[in-house]
Amino acid sequence: MEAESEPYVRLATLRTLHRVVADLNAARSLAGTLQAVVEGAVHGLGFDAAAVSLVRPDGDLVVAAVWELEESTMGGPSVLLGQVGSRESWDRLLGVSDHWGTLRFLPYDRGWAVAGDIPRWIGDGPMPVYANDWHPADGLLAPMYSAGGDLLGVLSVDRPRSGKRPGAWTREALEMFSLQASIAIGNARLRAEMQRALARLEKEQQALRASEESFRQAFEYAPSGMAITELHGVGRGQLTRVNDALCRLLGRPRAVLRQQSFADLVHPDDRALLERTSAESGRAELRLSRRDGGYQWVCLRNSIVADAAEGPSFLLTHVEDIEDRKRHELQLAHRASHDALTGLPNGAELKARLARRLCAEVPSGAVATSGGPVGGQVETAYPAAYAHPSDSYSAHAAHDALEGADPYGGPVHGYGEADGRAPAGLGYGEHVHAVVPEDQAPGGEAWSASFRGGAAAQDKGLAVLFCDLDGFKSINDRFGHNAGDSVLVEVARRLSQAVRDGDTVARLGGDEFVVLADGIGREEAKDLAHRLRNAIIPPMRIDGRAMRVGVSLGVGWAGCGMSIEEVLHTADERMYDEKRARGGAVRGARGERSHRRAG
């Protein structure tokens with residue numbers, strides 16, 4: 001730099017200053033910028049050494065860059081790199097120094113102000129002769145601030161090459177340079193932060209792409225069905241994405257499924273269950289329609305996928321095929337409730353159906369059925385919720401129906417659902433009392449009057465026909481139990497063909513059968529008993545032999561307020577009455593009855 005006595009600034013000096021400022025702005029990293037600052041102070045401003053102490057995130061200052069014109073034999077200021085001084089010590093040092101505009105000058109005689117934790121290096125320059133000579137312990141500091149006024153760091157310069165303390169021009173040049181250095185350091189930090197942010201963003205995007213690809217592969221190649229459903233907007237409930245497994249399960253192409261919702265596919269009886277499950281994370285077992293018109297039992301497991309900012313965004317549904325399990329459950333339930341030999345409902349199922357039809361309340365002014373069987377087509381006075389198809393009564397037919405037909409289309413009998421619940425849609429207040437028809441009370445007129453409690457005369461009721469085979473023991477004894485079993489199967493088939501749709505034919509045990517016929521009157525019950533007798537009497541061909549059995553029939557009636565044991569006992573006694581009237585063998589206690597093989 002020029003001597004202080006010179007009245008003008010040399011053009012070469014201005015060019016040098018312009019070049020070092022350009023070098024500041026050309027640096028592409030924070031480290032490069034800091035190095036350009038110290039080199040510019042040495043080469044452009046006429047100092048032998050310079051250092052930059054940069055403010056760290058914790059507020060303390062660390063020596064981040066140093067430069068010396070000629071390397072000192074004592075190691076030079078480079079030994080200061082990485083040393084840290086506390087912010088408090090630096091603030092005190094800047095406060096006690098002389099203020100030269102924005103610069104701070106610390107004369108050697110004020111060295112006591114330099115705290116021990118501030119990095120400092122003192123060279124071996126000449127001692128001053130005149131008052132304005134530079135002392136080796138003098139210090140000139142240029143604090144650098146951001147646009148917001150925050151301290152970025154401190155530029156320290158030492159040993160002016162003129163040997164004098166800097167004059168007005170050098171001070172102003174150093175102030176200008178430190179201002180440009182502040183801008184360059186701020187820009188470098190901003191670029192570094194942007195680069196770090198971009199690097200983090202790129203890393204996050206890579207992780208997101210990897211996660212999306214993992215999800216895509218897990219979704220597309222899952223062995224069970226998967227679907228994504230919209231939760232908001234005009235497409236709410238629509239399937240926006242399905243995998244191949246779901247397409248194969250339902251037999252529908254992907255393009256068709258994406259135009260539908262689970263509500264379009266669910267069985268009508270399962271719609272309410274689907275709506276409850278779709279409103280929250282959970283699971284449900286229900287039926288979805290296939291392309292062939294049938295229904296597929298599936299287990300839906302829903303998971304709500306939520307966005308941190310917008311909340312729930314879509315529903316991820318796992319669709320598991322449970323057709324085989326449901327079929328197995330039905331088979332187990334059928335075996336538990338049906339006779340293995342004949343395929344008819346067994347005694348436990350018979351009692352369960354009676355229990356679902358009867359209530360403990362003795363009706364007064366009860367509403368009677370107006371024709372039609374429970375479990376079949378009924379008149380308007382009888383709730384349609386009781387309508388169900390009749391049982392398959394042949395042992396072979398029952399097996400074929402279970403294996404070949406859709407076993408999930410509904411219960412296979414009347415009197416409510418197969419799991420013991422009340423019929424769907426029939427609430428507590430909708431129960432229709434079963435009432436013994438007029439003049440049919442098993443206990444006579446006195447019983448009838450007390451039972452009805454003054455109710456109007458009823459002509460329809462629930463008939464219980466107790467059937468006991470005659471001559472079956474001799475077939476068992478003469479031809480063996482296999483022949484006896486064949487006779488029972490044939491009798492079951494004939495009985496099932498003689499009853500109305502929806503009537504129940506059950507095998508109570510041995511050679512005893514019971515028929516439940518709801519919504520019939522006294523004369524209709526007699527006609528039904530006549531049909532049953534005529535169906536059994538004709539000879540049957542078993543193993544090439546003609547065999548014949550007779551039947552004793554007793555007609556009883558079931559009404560609300562009666563116990564199941566009372567209902568069956570009444571019909572059983574009526575059967576005894578008929579057997580005695582015909583002069584047949586009358587058996588006493590059940591233990592004295594003829595030996596039979598219960599299939």
# chains A, B, ... in the order shown; residues from 1 in each chain; ligands from 1
>>> residues_around(residues="stretch 301-306 of chain A", least_positions_apart="5", cutoff="7 Å", atoms="only C-alpha atoms", output="short mmCIF file (atom, residue, chain, number, x, y, z; two decimals) with N, CA and C atoms, in the first residue's frame")
data_model
loop_
_atom_site.label_atom_id
_atom_site.label_comp_id
_atom_site.auth_asym_id
_atom_site.auth_seq_id
_atom_site.Cartn_x
_atom_site.Cartn_y
_atom_site.Cartn_z
N SER A 281 -60.28 -48.02 10.92
CA SER A 281 -59.39 -49.18 10.75
C SER A 281 -59.99 -50.37 11.47
N GLY A 282 -60.01 -51.51 10.83
CA GLY A 282 -60.60 -52.69 11.45
C GLY A 282 -60.66 -53.82 10.45
N ARG A 283 -61.39 -54.85 10.81
CA ARG A 283 -61.50 -56.03 9.94
C ARG A 283 -62.95 -56.49 9.91
N ALA A 284 -63.29 -57.17 8.83
CA ALA A 284 -64.64 -57.71 8.69
C ALA A 284 -64.58 -58.89 7.74
N GLY A 311 -54.10 -35.04 7.33
CA GLY A 311 -54.86 -36.08 8.01
C GLY A 311 -55.09 -37.29 7.11
N PRO A 312 -56.13 -38.12 7.42
CA PRO A 312 -56.38 -39.33 6.64
C PRO A 312 -56.55 -39.03 5.15
N SER A 313 -55.85 -39.77 4.32
CA SER A 313 -55.91 -39.51 2.88
C SER A 313 -56.49 -40.68 2.09
N PHE A 314 -56.15 -41.92 2.46
CA PHE A 314 -56.74 -43.05 1.75
C PHE A 314 -56.76 -44.27 2.66
N LEU A 315 -57.48 -45.27 2.21
CA LEU A 315 -57.67 -46.50 2.97
C LEU A 315 -56.95 -47.64 2.24
N LEU A 316 -56.05 -48.30 2.95
CA LEU A 316 -55.35 -49.46 2.41
C LEU A 316 -56.04 -50.72 2.92
N THR A 317 -56.52 -51.53 2.01
CA THR A 317 -57.32 -52.71 2.37
C THR A 317 -56.62 -53.98 1.93
N HIS A 318 -56.47 -54.89 2.86
CA HIS A 318 -55.92 -56.22 2.58
C HIS A 318 -57.09 -57.18 2.48
N VAL A 319 -57.20 -57.87 1.35
CA VAL A 319 -58.34 -58.75 1.07
C VAL A 319 -57.84 -60.19 1.07
#
>>> select_by_dssp(residues="stretch 102-319 of chain A", states="strand (DSSP E or B)", output="ChimeraX atom specification")
/A:103-106,133,139-145,151-160,164,225-230,238-242,261,266,282-289,295-307,311-319
>>> closest_residue(among="A:Ala41, A:Met562, A:Ala571, A:Leu341", to="A:Val491", atoms="only C-alpha atoms")
A:Leu341
>>> residues_around(residues="stretch 27-33 of chain A", least_positions_apart="2", cutoff="7 Å", atoms="only C-alpha atoms", output="list in words")
Asp23, Leu24, Asn25, Gln35, Ala36, Val37, Ala184, Ile185, Ala188, Arg189 and Ala192 of chain A
>>> residues_around(residues="stretch 536-538 of chain A", least_positions_apart="4", cutoff="12 Å", atoms="only C-alpha atoms", output="compact mmCIF listing (two decimals) with C-alpha atoms, in the first residue's frame")
# COMPACT_ATOMS: atom_id res chain seq x y z
CA CYS A 467 -93.53 -89.87 13.67
CA ASP A 468 -92.54 -93.29 15.00
CA LEU A 469 -91.85 -96.14 12.58
CA ASP A 470 -93.69 -99.45 13.09
CA GLY A 471 -91.95 -102.72 12.21
CA PHE A 472 -88.49 -101.20 12.05
CA VAL A 487 -84.62 -97.78 5.43
CA LEU A 488 -84.08 -94.69 7.60
CA VAL A 489 -82.47 -92.82 4.69
CA GLU A 490 -85.38 -93.69 2.40
CA VAL A 491 -87.95 -92.68 5.02
CA ALA A 492 -86.14 -89.34 5.45
CA ARG A 493 -86.27 -88.78 1.69
CA ARG A 494 -89.99 -89.59 1.49
CA LEU A 495 -90.86 -87.37 4.45
CA SER A 496 -88.94 -84.44 2.99
CA GLN A 497 -90.80 -84.79 -0.30
CA ALA A 498 -94.19 -84.89 1.40
CA PHE A 513 -88.85 -88.24 13.22
CA ALA A 529 -100.24 -86.30 8.57
CA HIS A 530 -102.16 -88.27 5.94
CA ARG A 531 -99.56 -87.37 3.28
CA LEU A 532 -96.73 -88.40 5.55
CA ALA A 546 -88.90 -105.33 -0.72
CA MET A 547 -89.27 -103.94 2.78
CA ARG A 548 -92.18 -102.18 4.38
CA VAL A 549 -92.61 -100.17 7.57
CA GLY A 550 -95.59 -98.47 9.06
CA VAL A 551 -95.77 -95.21 11.00
CA SER A 552 -97.62 -93.91 14.04
CA LEU A 553 -98.24 -90.16 13.96
>>> closest_residue(among="A:Arg120, A:Arg287, A:His135, A:Arg478", to="A:Lys326", atoms="only C-alpha atoms")
A:Arg287
>>> residues_around(residues="stretch 146-151 of chain A", least_positions_apart="5", cutoff="8 Å", atoms="only C-alpha atoms", output="list in words")
Val55, Ser182, Ile183 and Gly186 of chain A
>>> residues_around(residues="A:Ile322", least_positions_apart="2", cutoff="6 Å", atoms="only C-alpha atoms", output="PyMOL selection string")
chain A and resi 297-298+324-325
>>> closest_residue(among="A:Leu174, A:Val436, A:Leu93, A:Ala525", to="A:Ala115", atoms="only C-alpha atoms")
A:Leu93
>>> closest_residue(among="A:Phe466, A:Trp100, A:Tyr145, A:Phe479", to="A:Asp577", atoms="only C-alpha atoms")
A:Phe466
>>> atom_distance(atom1="atom CA of A:Asp307", atom2="atom CA of A:Arg196")
25.4 Å
